[in-house]
>>> print(open('entry_18.cif').read())   # mmCIF, C-alpha atoms
data_my_file
#
loop_
_atom_site.label_atom_id
_atom_site.label_comp_id
_atom_site.auth_asym_id
_atom_site.auth_seq_id
_atom_site.Cartn_x
_atom_site.Cartn_y
_atom_site.Cartn_z
CA MET A 9 50.12 -345.73 128.09
CA PRO A 10 49.08 -342.24 129.33
CA GLU A 11 52.31 -340.82 127.92
CA HIS A 12 51.04 -341.58 124.39
CA ARG A 13 47.65 -339.93 124.88
CA ASN A 14 48.54 -336.44 123.65
CA GLU A 15 50.34 -337.79 120.60
CA PHE A 16 47.38 -340.00 119.75
CA VAL A 17 44.83 -337.21 120.18
CA LYS A 18 46.97 -334.89 118.07
CA LYS A 19 47.00 -337.39 115.22
CA LEU A 20 43.24 -337.81 115.48
CA SER A 21 42.69 -334.07 115.17
CA GLY A 22 43.46 -334.32 111.45
CA TYR A 23 40.29 -336.33 110.90
CA PRO A 24 36.72 -334.98 110.76
CA GLU A 25 35.19 -335.05 114.25
CA GLN A 26 38.25 -337.00 115.43
CA LYS A 27 36.73 -340.14 113.85
CA PRO A 28 38.91 -341.66 111.10
CA ASP A 29 36.80 -343.98 108.96
CA PHE A 30 38.59 -347.28 109.67
CA GLU A 31 35.83 -349.25 107.98
CA ALA A 32 36.32 -347.35 104.72
CA MET A 33 40.09 -347.85 104.96
CA PHE A 34 39.77 -351.60 105.39
CA HIS A 35 37.14 -351.76 102.62
CA THR A 36 39.60 -350.01 100.28
CA LEU A 37 42.36 -352.45 101.23
CA GLU A 38 40.07 -355.40 100.54
CA GLU A 39 39.24 -353.98 97.12
CA ARG A 40 42.94 -353.61 96.34
CA LYS A 41 43.57 -357.17 97.51
CA ARG A 42 40.83 -358.52 95.25
CA LYS A 43 42.27 -356.53 92.32
CA TRP A 44 45.75 -357.93 93.03
CA ARG A 45 44.38 -361.47 93.06
CA ARG A 46 42.65 -360.93 89.72
CA GLU A 47 45.79 -359.48 88.15
CA THR A 48 48.37 -361.85 89.62
CA GLY A 49 46.39 -365.01 90.18
CA GLY A 50 47.34 -364.77 93.83
CA GLN A 51 50.84 -366.12 93.15
CA ALA A 52 52.85 -363.19 94.50
CA VAL A 53 54.75 -363.43 97.77
CA HIS A 54 52.38 -363.46 100.73
CA VAL A 55 53.06 -360.83 103.37
CA GLU A 56 51.90 -361.71 106.87
CA MET A 57 49.50 -359.05 108.18
CA PRO A 58 47.92 -358.61 111.62
CA THR A 59 44.67 -360.49 111.98
CA SER A 60 41.41 -358.55 112.10
CA LYS A 61 40.92 -359.84 115.65
CA THR A 62 44.25 -358.39 116.83
CA ARG A 63 43.84 -355.20 114.82
CA PHE A 64 40.31 -354.52 116.04
CA LYS A 65 40.94 -355.57 119.62
CA SER A 66 43.95 -353.26 119.93
CA ALA A 67 42.12 -350.32 118.35
CA VAL A 68 39.02 -350.69 120.50
CA LEU A 69 41.05 -351.09 123.68
CA LEU A 70 43.17 -348.05 122.83
CA ALA A 71 40.12 -345.92 122.10
CA SER A 72 38.29 -347.02 125.22
CA VAL A 73 41.29 -346.59 127.50
CA LEU A 74 41.82 -343.06 126.22
CA GLY A 75 38.10 -342.34 126.45
CA ILE A 76 37.97 -341.29 122.77
CA ALA A 77 35.25 -342.31 120.31
CA VAL A 78 37.68 -343.36 117.57
CA LEU A 79 35.92 -346.41 116.25
CA GLY A 80 32.94 -345.93 118.50
CA VAL A 81 31.90 -349.49 119.36
CA THR A 82 28.72 -349.09 117.41
CA ALA A 83 26.42 -351.28 115.39
CA GLN A 84 28.83 -351.57 112.49
CA GLN A 85 31.30 -353.44 114.68
CA THR A 86 28.72 -355.81 116.14
CA GLY A 87 29.82 -358.77 114.02
CA MET A 88 33.50 -358.16 114.74
CA LEU A 89 32.85 -357.83 118.46
CA SER A 90 30.76 -361.00 118.51
CA THR A 91 33.56 -362.96 116.84
CA LEU A 92 36.15 -361.48 119.19
CA GLN A 93 34.07 -362.22 122.29
CA LYS A 94 33.41 -365.78 121.10
CA ASN A 95 37.16 -366.39 120.80
CA LEU A 96 37.87 -364.79 124.16
CA PHE A 97 35.31 -366.93 125.97
CA GLN A 98 36.24 -370.28 124.39
CA ASN A 99 38.47 -371.20 127.35
CA THR A 100 36.40 -370.48 130.44
CA THR A 101 38.58 -372.40 132.94
CA ALA A 102 42.01 -370.86 132.29
CA GLY A 103 43.73 -368.32 134.52
CA GLN A 104 43.12 -367.51 138.18
CA THR A 105 39.67 -368.11 139.63
CA LEU A 106 38.46 -365.06 141.57
CA ASN A 107 34.73 -365.66 142.09
CA VAL A 108 34.13 -362.41 143.97
CA HIS A 109 30.73 -360.76 143.73
CA THR A 110 28.58 -357.93 144.99
CA GLU A 111 24.87 -357.21 144.77
CA GLN A 112 22.48 -354.29 145.08
CA SER A 113 18.98 -353.50 143.77
CA ASP A 114 18.62 -357.20 142.82
CA VAL A 115 21.57 -356.89 140.41
CA LYS A 116 24.53 -359.17 141.12
CA ILE A 117 27.89 -358.84 139.37
CA THR A 118 30.61 -361.50 139.67
CA LEU A 119 34.27 -361.20 138.75
CA ASP A 120 34.84 -364.79 137.67
CA ARG A 121 38.52 -365.00 136.75
CA VAL A 122 41.58 -363.21 135.43
CA LEU A 123 43.98 -364.34 132.69
CA SER A 124 47.34 -362.96 131.61
CA SER A 125 48.94 -362.98 128.17
CA PRO A 126 51.70 -361.10 126.26
CA SER A 127 50.55 -357.53 125.74
CA THR A 128 49.21 -356.35 122.39
CA LEU A 129 51.20 -353.17 123.05
CA ASN A 130 54.59 -354.74 123.77
CA ASP A 131 55.63 -358.40 124.02
CA ASN A 132 57.73 -357.56 127.07
CA LEU A 133 54.63 -356.42 128.93
CA THR A 134 51.54 -358.31 130.06
CA ASP A 135 47.80 -357.81 129.55
CA LEU A 136 45.31 -358.89 132.20
CA GLU A 137 41.92 -360.00 130.93
CA PHE A 138 39.11 -359.97 133.51
CA ARG A 139 35.92 -361.95 132.93
CA LEU A 140 32.63 -360.97 134.49
CA SER A 141 29.06 -362.21 134.71
CA LEU A 142 25.85 -360.38 135.54
CA GLU A 143 22.65 -361.62 137.16
CA VAL A 144 19.41 -359.62 137.00
CA PRO A 145 15.86 -360.66 137.98
CA GLU A 146 14.43 -360.46 134.45
CA ARG A 147 16.64 -361.18 131.43
CA SER A 148 14.02 -360.75 128.71
CA GLY A 149 13.22 -357.47 127.00
CA TYR A 150 16.76 -356.34 126.30
CA ASP A 151 19.73 -357.43 124.20
CA TYR A 152 22.75 -356.22 126.15
CA ALA A 153 23.82 -354.26 129.21
CA PHE A 154 26.69 -352.01 130.27
CA PHE A 155 27.83 -349.80 133.12
CA ASP A 156 28.18 -346.10 132.43
CA THR A 157 31.54 -345.60 134.15
CA GLY A 158 34.12 -347.71 135.96
CA THR A 159 37.54 -347.61 137.58
CA LEU A 160 40.13 -350.30 138.29
CA THR A 161 42.52 -349.36 141.12
CA ASN A 162 45.66 -351.10 142.28
CA LEU A 163 45.28 -350.64 146.03
CA ASP A 164 48.99 -351.28 146.65
CA THR A 165 50.31 -348.63 144.26
CA GLY A 166 47.31 -346.30 143.89
CA GLU A 167 47.43 -346.65 140.09
CA LYS A 168 43.97 -346.08 138.53
CA GLU A 169 42.50 -347.00 135.15
CA GLU A 170 39.47 -344.80 134.62
CA TYR A 171 37.96 -346.02 131.34
CA ILE A 172 37.38 -349.67 132.15
CA ALA A 173 33.60 -349.50 131.65
CA ASN A 174 34.06 -348.47 128.01
CA GLN A 175 35.15 -352.02 127.22
CA ILE A 176 32.39 -353.82 129.11
CA LYS A 177 29.27 -354.98 127.27
CA PHE A 178 27.25 -357.85 128.75
CA THR A 179 25.62 -360.16 126.22
CA GLN A 180 23.88 -363.52 126.50
CA ARG A 181 26.51 -366.28 126.43
CA GLU A 182 25.88 -369.91 127.31
CA GLY A 183 22.81 -369.10 129.37
CA ARG A 184 24.23 -366.12 131.26
CA LEU A 185 25.15 -362.49 130.77
CA ALA A 186 28.92 -362.27 130.34
CA SER A 187 31.55 -359.71 129.43
CA TYR A 188 35.24 -358.91 129.89
CA PHE A 189 37.73 -356.05 130.03
CA VAL A 190 41.49 -355.85 129.55
CA SER A 191 44.05 -353.98 131.61
CA GLN A 192 46.97 -353.42 129.25
CA GLY A 193 50.71 -353.04 129.44
CA LYS A 194 51.59 -354.37 132.90
CA GLU A 195 55.12 -355.05 134.08
CA GLN A 196 55.41 -358.64 135.30
CA ALA A 197 56.60 -357.46 138.69
CA GLY A 198 53.51 -355.27 139.08
CA ILE A 199 50.81 -357.84 138.32
CA SER A 200 50.36 -359.39 141.75
CA GLY A 201 48.53 -357.23 144.25
CA HIS A 202 45.25 -356.05 145.73
CA TYR A 203 42.73 -354.42 143.41
CA GLU A 204 39.35 -352.71 143.54
CA LEU A 205 36.89 -352.55 140.65
CA VAL A 206 34.08 -349.97 140.89
CA LEU A 207 31.29 -349.84 138.30
CA GLN A 208 28.53 -347.20 138.29
CA ASP A 209 24.99 -347.10 136.90
CA LEU A 210 23.79 -350.10 134.92
CA TYR A 211 21.94 -349.64 131.61
CA MET A 212 19.99 -352.45 129.96
CA ARG A 213 19.43 -351.86 126.23
CA LYS A 214 17.33 -353.34 123.45
CA THR A 215 17.58 -352.94 119.68
CA VAL A 216 14.66 -351.18 118.00
CA LYS A 217 13.98 -352.41 114.46
CA MET A 218 11.91 -350.18 112.13
CA SER A 219 10.70 -351.46 108.77
CA LEU A 220 11.23 -349.23 105.71
CA LYS A 221 8.42 -350.18 103.35
CA GLY A 222 9.05 -350.66 99.65
CA LYS A 223 11.39 -352.47 97.28
CA ILE A 224 15.03 -351.85 97.99
CA ASP A 225 15.70 -350.83 94.37
CA GLY A 226 12.89 -348.26 94.37
CA MET A 227 13.71 -346.16 97.43
CA ASN A 228 15.92 -343.45 95.94
CA GLY A 229 14.89 -340.06 97.29
CA THR A 230 12.26 -341.51 99.63
CA THR A 231 11.84 -339.99 103.09
CA PHE A 232 10.45 -342.14 105.90
CA ASP A 233 8.84 -340.72 109.02
CA LEU A 234 10.19 -342.42 112.13
CA THR A 235 8.37 -342.69 115.42
CA GLY A 236 10.19 -341.98 118.65
CA ASP A 237 12.10 -339.17 120.29
CA ARG A 238 15.52 -339.93 118.91
CA PHE A 239 14.95 -339.82 115.14
CA SER A 240 12.23 -337.89 113.32
CA SER A 241 12.85 -339.02 109.74
CA LEU A 242 15.27 -340.75 107.40
CA THR A 243 15.93 -340.17 103.70
CA ILE A 244 17.30 -342.82 101.34
CA ASN A 245 19.67 -340.99 99.01
CA SER A 246 20.46 -344.07 96.96
CA SER A 247 19.89 -347.83 97.18
CA ALA A 248 21.54 -349.90 94.47
CA ARG A 249 23.68 -352.91 93.66
CA VAL A 250 27.43 -352.29 93.37
CA GLY A 251 29.19 -355.49 92.30
CA ASN A 252 28.60 -358.11 94.99
CA ASP A 253 27.30 -355.51 97.44
CA TRP A 254 24.04 -353.72 97.94
CA VAL A 255 24.89 -350.18 99.04
CA VAL A 256 22.43 -347.92 100.84
CA ARG A 257 23.26 -344.26 101.34
CA TYR A 258 21.00 -342.34 103.69
CA SER A 259 20.79 -339.20 105.77
CA ILE A 260 19.10 -338.33 109.06
CA PRO A 261 18.35 -334.70 109.92
CA LYS A 262 19.76 -333.39 113.17
CA ASN A 263 17.22 -330.79 114.18
CA MET A 264 18.39 -330.45 117.73
CA GLU A 265 21.33 -331.12 119.98
CA PRO A 266 21.17 -334.75 121.16
CA GLU A 267 20.35 -335.19 124.80
CA ASN A 268 23.18 -336.68 126.83
CA GLU A 269 21.84 -339.82 128.44
CA PHE A 270 25.07 -340.83 130.17
CA LEU A 271 27.65 -339.15 132.41
CA ASN A 272 30.35 -340.80 130.32
CA GLU A 273 31.05 -338.55 127.32
CA TRP A 274 32.61 -341.44 125.38
CA ARG A 275 29.41 -343.42 125.92
CA ASN A 276 27.26 -340.50 124.76
CA SER A 277 29.30 -340.10 121.59
CA THR A 278 29.32 -343.77 120.62
CA GLU A 279 25.70 -344.50 121.51
CA GLN A 280 24.34 -341.42 119.72
CA GLU A 281 26.00 -342.68 116.53
CA ASN A 282 24.94 -346.27 117.16
CA TYR A 283 22.46 -346.95 114.36
CA GLN A 284 22.50 -348.89 111.11
CA MET A 285 20.50 -350.59 108.38
CA VAL A 286 19.97 -354.33 108.19
CA LEU A 287 18.81 -356.28 105.13
CA VAL A 288 16.24 -359.03 105.67
CA THR A 289 15.15 -361.61 103.12
CA GLY A 290 13.26 -364.76 104.08
CA ASN A 291 14.83 -366.01 107.30
CA LYS A 292 18.17 -364.31 106.59
CA THR A 293 19.23 -361.12 108.36
CA ILE A 294 22.30 -359.51 106.81
CA GLU A 295 24.41 -357.01 108.74
CA PRO A 296 26.54 -354.41 106.92
CA THR A 297 29.93 -355.75 105.89
CA SER A 298 31.32 -352.23 105.63
CA ARG A 299 30.20 -348.72 106.48
CA GLY A 300 31.11 -345.24 105.43
CA ALA A 301 30.39 -341.70 106.54
CA ALA A 302 30.40 -338.32 104.83
CA PRO A 303 29.06 -334.98 106.04
CA GLY A 304 25.32 -335.48 106.51
CA GLN A 305 25.30 -338.99 105.07
CA ARG A 306 25.90 -342.62 106.06
CA SER A 307 26.36 -345.64 103.82
CA ASP A 308 25.90 -349.33 104.63
CA ALA A 309 27.12 -352.05 102.26
CA PHE A 310 25.70 -355.59 102.36
CA ASN A 311 27.36 -358.61 100.79
CA ILE A 312 24.68 -360.19 98.56
CA SER A 313 26.91 -362.59 96.63
CA ASP A 314 25.20 -365.60 98.24
CA LEU A 315 21.66 -364.38 97.59
CA SER A 316 19.53 -365.46 94.65
CA ASP A 317 17.82 -362.94 92.37
CA LYS A 318 14.52 -363.84 94.05
CA GLU A 319 15.95 -363.23 97.54
CA ILE A 320 17.31 -359.85 96.46
CA ALA A 321 13.99 -358.85 94.90
CA GLU A 322 12.12 -359.78 98.09
CA ALA A 323 14.62 -358.16 100.49
CA LYS A 324 13.46 -355.53 102.97
CA LEU A 325 15.41 -352.78 104.70
CA TYR A 326 15.18 -352.10 108.42
CA PHE A 327 16.60 -349.19 110.37
CA THR A 328 17.91 -350.27 113.77
CA PHE A 329 19.13 -348.45 116.88
CA PRO A 330 19.35 -349.18 120.63
CA GLU A 331 17.36 -347.69 123.48
CA THR A 332 17.42 -348.10 127.24
CA VAL A 333 14.86 -350.48 128.74
CA ARG A 334 15.93 -350.19 132.36
CA MET A 335 18.51 -348.18 134.30
CA VAL A 336 19.72 -349.10 137.80
CA LYS A 337 21.63 -346.38 139.64
CA GLY A 338 24.36 -347.24 142.12
CA ASP A 339 27.95 -348.35 142.65
CA TRP A 340 29.10 -351.97 142.50
CA LYS A 341 32.47 -352.44 144.28
CA LEU A 342 34.63 -355.56 144.10
CA THR A 343 37.95 -356.03 145.94
CA PHE A 344 40.21 -358.94 145.04
CA THR A 345 43.79 -360.20 144.91
CA VAL A 346 45.68 -361.13 141.76
CA ASP A 347 48.49 -363.70 141.88
CA LYS A 348 50.65 -363.55 138.74
CA ASP A 349 51.65 -367.20 139.12
CA GLN A 350 48.02 -368.29 138.72
CA THR A 351 46.95 -366.01 135.83
CA PRO A 352 48.64 -367.39 132.64
CA SER A 353 46.06 -368.42 130.03
CA GLN A 354 48.29 -371.09 128.51
#
>>> encode(input="entry_18.cif", output="structure tokens")
Amino acid sequence: MPEHRNEFVKKLSGYPEQKPDFEAMFHTLEERKRKWRRETGGQAVHVEMPTSKTRFKSAVLLASVLGIAVLGVTAQQTGMLSTLQKNLFQNTTAGQTLNVHTEQSDVKITLDRVLSSPSTLNDNLTDLEFRLSLEVPERSGYDYAFFDTGTLTNLDTGEKEEYIANQIKFTQREGRLASYFVSQGKEQAGISGHYELVLQDLYMRKTVKMSLKGKIDGMNGTTFDLTGDRFSSLTINSSARVGNDWVVRYSIPKNMEPENEFLNEWRNSTEQENYQMVLVTGNKTIEPTSRGAAPGQRSDAFNISDLSDKEIAEAKLYFTFPETVRMVKGDWKLTFTVDKDQTPSQ
């Protein structure tokens, strides 16, 4: 895929900050679909479209492999990622068992297995999906973990994939911390071989949740002082119902250049933009169903069609963002052998 990098980057250059607003595009398509259903009764010929899982998985993998913050796997994709990861981990016994592990500073990482499937890039090629687990002394106090950088090397050919860590995000799953990454577009003849996976510098992160006091329909023009080093304040530009959505538009001043926490520039870009609103009413926490961005402003839209008038009136807004709880420096190296005859997932 390296031969497509320049073409892809060139296309991105036409968008502000090289970040096309995919969420806004999909939101617009959904609106058009709803309009079509109202006007036609849904009786027109159905055209088969790619599923959101395939569409999102391919886009995220492409962005992470190229090391570009296109979507930026940020808070707005949390729900989509959770669904995708749930589907990916449903079959935990398929493929080739590897069970190789390494440990340092009381942190143990295990490469559990590898699966192969037709590539999302080309049906004539093969994708390899690697599944990992992480063991740390204390699991409480953080929500997820990732490595800053990582490289997968085919020791037989010398071929390197340098953006592997961009895909890896360990979350709690069935009592353990688990994640995966995908090596795309392999020729069948080149699957079997000896490999080395190297991951550097582990970050354990938690989500900070700050309450914005007041009724959600009375916040227009309100500025909230935020505690912490990352954000000083937040202004609600508008907060109102729009059809079946509650839409919040807000801005955060950028008084200084953000400090780069990571060596990985892709990680810095995505994590610095990783913040969002959540809507809480009673025991319900509602994540944004779509997001938008304009110069100096963000917008989060929440589907409130299932909420009662009372629940909407009692709803509270929270501003959320991640921060590092613990960082463990070092390199974790795993060497292993892949046998193409053992990897098929079906």
>>> resolve_selection(input="entry_18.cif", expression="the PyMOL selection byres ((chain A and resi 337-354) around 8)", output="ChimeraX atom specification")
/A:102-104,106,108-112,117,119,122-125,196,199-210,335-336
>>> resolve_selection(input="entry_18.cif", expression="the PyMOL selection byres ((chain A and resi 170-181) around 6)", output="VMD selection string")
chain A and resid 72 to 73 152 to 155 157 to 159 169 182 to 189
>>> closest_residue(input="entry_18.cif", among="A:Val190, A:Val250, A:Ala197, A:Val216", to="Gly149 (chain A)", atoms="all atoms listed in the file")
A:Val216
>>> atom_distance(input="entry_18.cif", atom1="CA of Leu160 (chain A)", atom2="CA of Phe138 (chain A)")
10.8 Å
>>> resolve_selection(input="entry_18.cif", expression="the PyMOL selection byres ((chain A and resi 165) around 10)", output="PyMOL selection string")
chain A and resi 161-164+166-168+198+201-203
>>> atom_distance(input="entry_18.cif", atom1="CA of Arg306 (chain A)", atom2="CA of Tyr211 (chain A)")
26.8 Å
>>> residues_around(input="entry_18.cif", residues="Asp253 (chain A)", least_positions_apart="2", cutoff="9 Å", atoms="only C-alpha atoms", output="list in words")
Ala248, Arg249, Val250, Gly251, Val255, Thr297, Ala309, Phe310, Asn311, Ile312 and Ser313 of chain A
>>> write_last_selection(input="entry_18.cif", atoms="C-alpha atoms", output="mmCIF file, keeping the file's coordinate frame")
data_model
loop_
_atom_site.group_PDB
_atom_site.id
_atom_site.type_symbol
_atom_site.label_atom_id
_atom_site.label_comp_id
_atom_site.auth_asym_id
_atom_site.auth_seq_id
_atom_site.Cartn_x
_atom_site.Cartn_y
_atom_site.Cartn_z
ATOM 1 C CA ALA A 248 21.540 -349.900 94.470
ATOM 2 C CA ARG A 249 23.680 -352.910 93.660
ATOM 3 C CA VAL A 250 27.430 -352.290 93.370
ATOM 4 C CA GLY A 251 29.190 -355.490 92.300
ATOM 5 C CA VAL A 255 24.890 -350.180 99.040
ATOM 6 C CA THR A 297 29.930 -355.750 105.890
ATOM 7 C CA ALA A 309 27.120 -352.050 102.260
ATOM 8 C CA PHE A 310 25.700 -355.590 102.360
ATOM 9 C CA ASN A 311 27.360 -358.610 100.790
ATOM 10 C CA ILE A 312 24.680 -360.190 98.560
ATOM 11 C CA SER A 313 26.910 -362.590 96.630
#
>>> closest_residue(input="entry_18.cif", among="A:Leu315, A:Ala321, A:Thr293, A:Thr332", to="Phe270 (chain A)", atoms="all atoms listed in the file")
A:Thr332
>>> closest_residue(input="entry_18.cif", among="A:Leu133, A:Ala323, A:Val115, A:Leu242", to="Gln305 (chain A)", atoms="all atoms listed in the file")
A:Leu242
>>> atom_distance(input="entry_18.cif", atom1="CA of Ile224 (chain A)", atom2="CA of Asp151 (chain A)")
27.2 Å
>>> closest_residue(input="entry_18.cif", among="A:Arg238, A:Gly290, A:Asp114, A:Ser247", to="Asn268 (chain A)", atoms="only C-alpha atoms")
A:Arg238
>>> closest_residue(input="entry_18.cif", among="A:Leu220, A:Leu142, A:Leu325, A:Met227", to="Met285 (chain A)", atoms="all atoms listed in the file")
A:Leu325
>>> closest_residue(input="entry_18.cif", among="A:Gln280, A:Ser148, A:Ser259, A:Asn252", to="Lys214 (chain A)", atoms="all atoms listed in the file")
A:Ser148
>>> decode(input="entry_18.cif", residues="region 136-151 of chain A", atoms="N, CA, C and O atoms", output="PDB file, in the first residue's frame")
ATOM      1  N   LEU A 136      -4.075 -10.140   7.755  1.00  0.00           N
ATOM      2  CA  LEU A 136      -3.759 -10.900   8.962  1.00  0.00           C
ATOM      3  C   LEU A 136      -4.178 -10.083  10.172  1.00  0.00           C
ATOM      4  O   LEU A 136      -3.750  -8.935  10.340  1.00  0.00           O
ATOM      5  N   GLU A 137      -5.010 -10.667  10.998  1.00  0.00           N
ATOM      6  CA  GLU A 137      -5.484  -9.996  12.214  1.00  0.00           C
ATOM      7  C   GLU A 137      -4.823 -10.638  13.428  1.00  0.00           C
ATOM      8  O   GLU A 137      -4.982 -11.835  13.672  1.00  0.00           O
ATOM      9  N   PHE A 138      -4.067  -9.841  14.173  1.00  0.00           N
ATOM     10  CA  PHE A 138      -3.351 -10.321  15.350  1.00  0.00           C
ATOM     11  C   PHE A 138      -4.092  -9.892  16.618  1.00  0.00           C
ATOM     12  O   PHE A 138      -4.466  -8.723  16.749  1.00  0.00           O
ATOM     13  N   ARG A 139      -4.267 -10.822  17.537  1.00  0.00           N
ATOM     14  CA  ARG A 139      -4.964 -10.520  18.785  1.00  0.00           C
ATOM     15  C   ARG A 139      -4.011 -10.580  19.966  1.00  0.00           C
ATOM     16  O   ARG A 139      -3.220 -11.521  20.083  1.00  0.00           O
ATOM     17  N   LEU A 140      -4.109  -9.572  20.815  1.00  0.00           N
ATOM     18  CA  LEU A 140      -3.174  -9.421  21.922  1.00  0.00           C
ATOM     19  C   LEU A 140      -3.916  -9.281  23.248  1.00  0.00           C
ATOM     20  O   LEU A 140      -5.070  -8.870  23.286  1.00  0.00           O
ATOM     21  N   SER A 141      -3.212  -9.578  24.326  1.00  0.00           N
ATOM     22  CA  SER A 141      -3.720  -9.311  25.668  1.00  0.00           C
ATOM     23  C   SER A 141      -2.614  -8.709  26.506  1.00  0.00           C
ATOM     24  O   SER A 141      -1.422  -8.907  26.241  1.00  0.00           O
ATOM     25  N   LEU A 142      -3.018  -7.953  27.525  1.00  0.00           N
ATOM     26  CA  LEU A 142      -2.092  -7.196  28.345  1.00  0.00           C
ATOM     27  C   LEU A 142      -2.367  -7.480  29.815  1.00  0.00           C
ATOM     28  O   LEU A 142      -3.527  -7.505  30.239  1.00  0.00           O
ATOM     29  N   GLU A 143      -1.320  -7.710  30.581  1.00  0.00           N
ATOM     30  CA  GLU A 143      -1.450  -7.919  32.018  1.00  0.00           C
ATOM     31  C   GLU A 143      -0.605  -6.884  32.755  1.00  0.00           C
ATOM     32  O   GLU A 143       0.589  -6.758  32.501  1.00  0.00           O
ATOM     33  N   VAL A 144      -1.251  -6.150  33.661  1.00  0.00           N
ATOM     34  CA  VAL A 144      -0.559  -5.154  34.481  1.00  0.00           C
ATOM     35  C   VAL A 144      -0.937  -5.392  35.935  1.00  0.00           C
ATOM     36  O   VAL A 144      -1.992  -5.963  36.220  1.00  0.00           O
ATOM     37  N   PRO A 145      -0.086  -4.975  36.885  1.00  0.00           N
ATOM     38  CA  PRO A 145      -0.355  -5.272  38.297  1.00  0.00           C
ATOM     39  C   PRO A 145      -1.671  -4.710  38.804  1.00  0.00           C
ATOM     40  O   PRO A 145      -2.371  -5.352  39.580  1.00  0.00           O
ATOM     41  N   GLU A 146      -2.035  -3.503  38.395  1.00  0.00           N
ATOM     42  CA  GLU A 146      -3.239  -2.850  38.900  1.00  0.00           C
ATOM     43  C   GLU A 146      -4.085  -2.386  37.732  1.00  0.00           C
ATOM     44  O   GLU A 146      -3.677  -1.527  36.955  1.00  0.00           O
ATOM     45  N   ARG A 147      -5.280  -2.968  37.568  1.00  0.00           N
ATOM     46  CA  ARG A 147      -6.123  -2.639  36.427  1.00  0.00           C
ATOM     47  C   ARG A 147      -7.064  -1.467  36.692  1.00  0.00           C
ATOM     48  O   ARG A 147      -7.637  -0.916  35.767  1.00  0.00           O
ATOM     49  N   SER A 148      -7.270  -1.100  37.936  1.00  0.00           N
ATOM     50  CA  SER A 148      -8.218  -0.033  38.238  1.00  0.00           C
ATOM     51  C   SER A 148      -7.562   1.327  38.032  1.00  0.00           C
ATOM     52  O   SER A 148      -6.336   1.463  38.030  1.00  0.00           O
ATOM     53  N   GLY A 149      -8.404   2.346  37.867  1.00  0.00           N
ATOM     54  CA  GLY A 149      -7.894   3.699  37.749  1.00  0.00           C
ATOM     55  C   GLY A 149      -7.701   4.183  36.335  1.00  0.00           C
ATOM     56  O   GLY A 149      -7.333   5.337  36.127  1.00  0.00           O
ATOM     57  N   TYR A 150      -7.910   3.331  35.354  1.00  0.00           N
ATOM     58  CA  TYR A 150      -7.806   3.760  33.968  1.00  0.00           C
ATOM     59  C   TYR A 150      -8.792   2.985  33.114  1.00  0.00           C
ATOM     60  O   TYR A 150      -9.292   1.928  33.495  1.00  0.00           O
ATOM     61  N   ASP A 151      -9.086   3.518  31.940  1.00  0.00           N
ATOM     62  CA  ASP A 151     -10.114   2.948  31.067  1.00  0.00           C
ATOM     63  C   ASP A 151      -9.551   2.188  29.880  1.00  0.00           C
ATOM     64  O   ASP A 151     -10.203   1.288  29.357  1.00  0.00           O
TER      65      ASP A 151
END
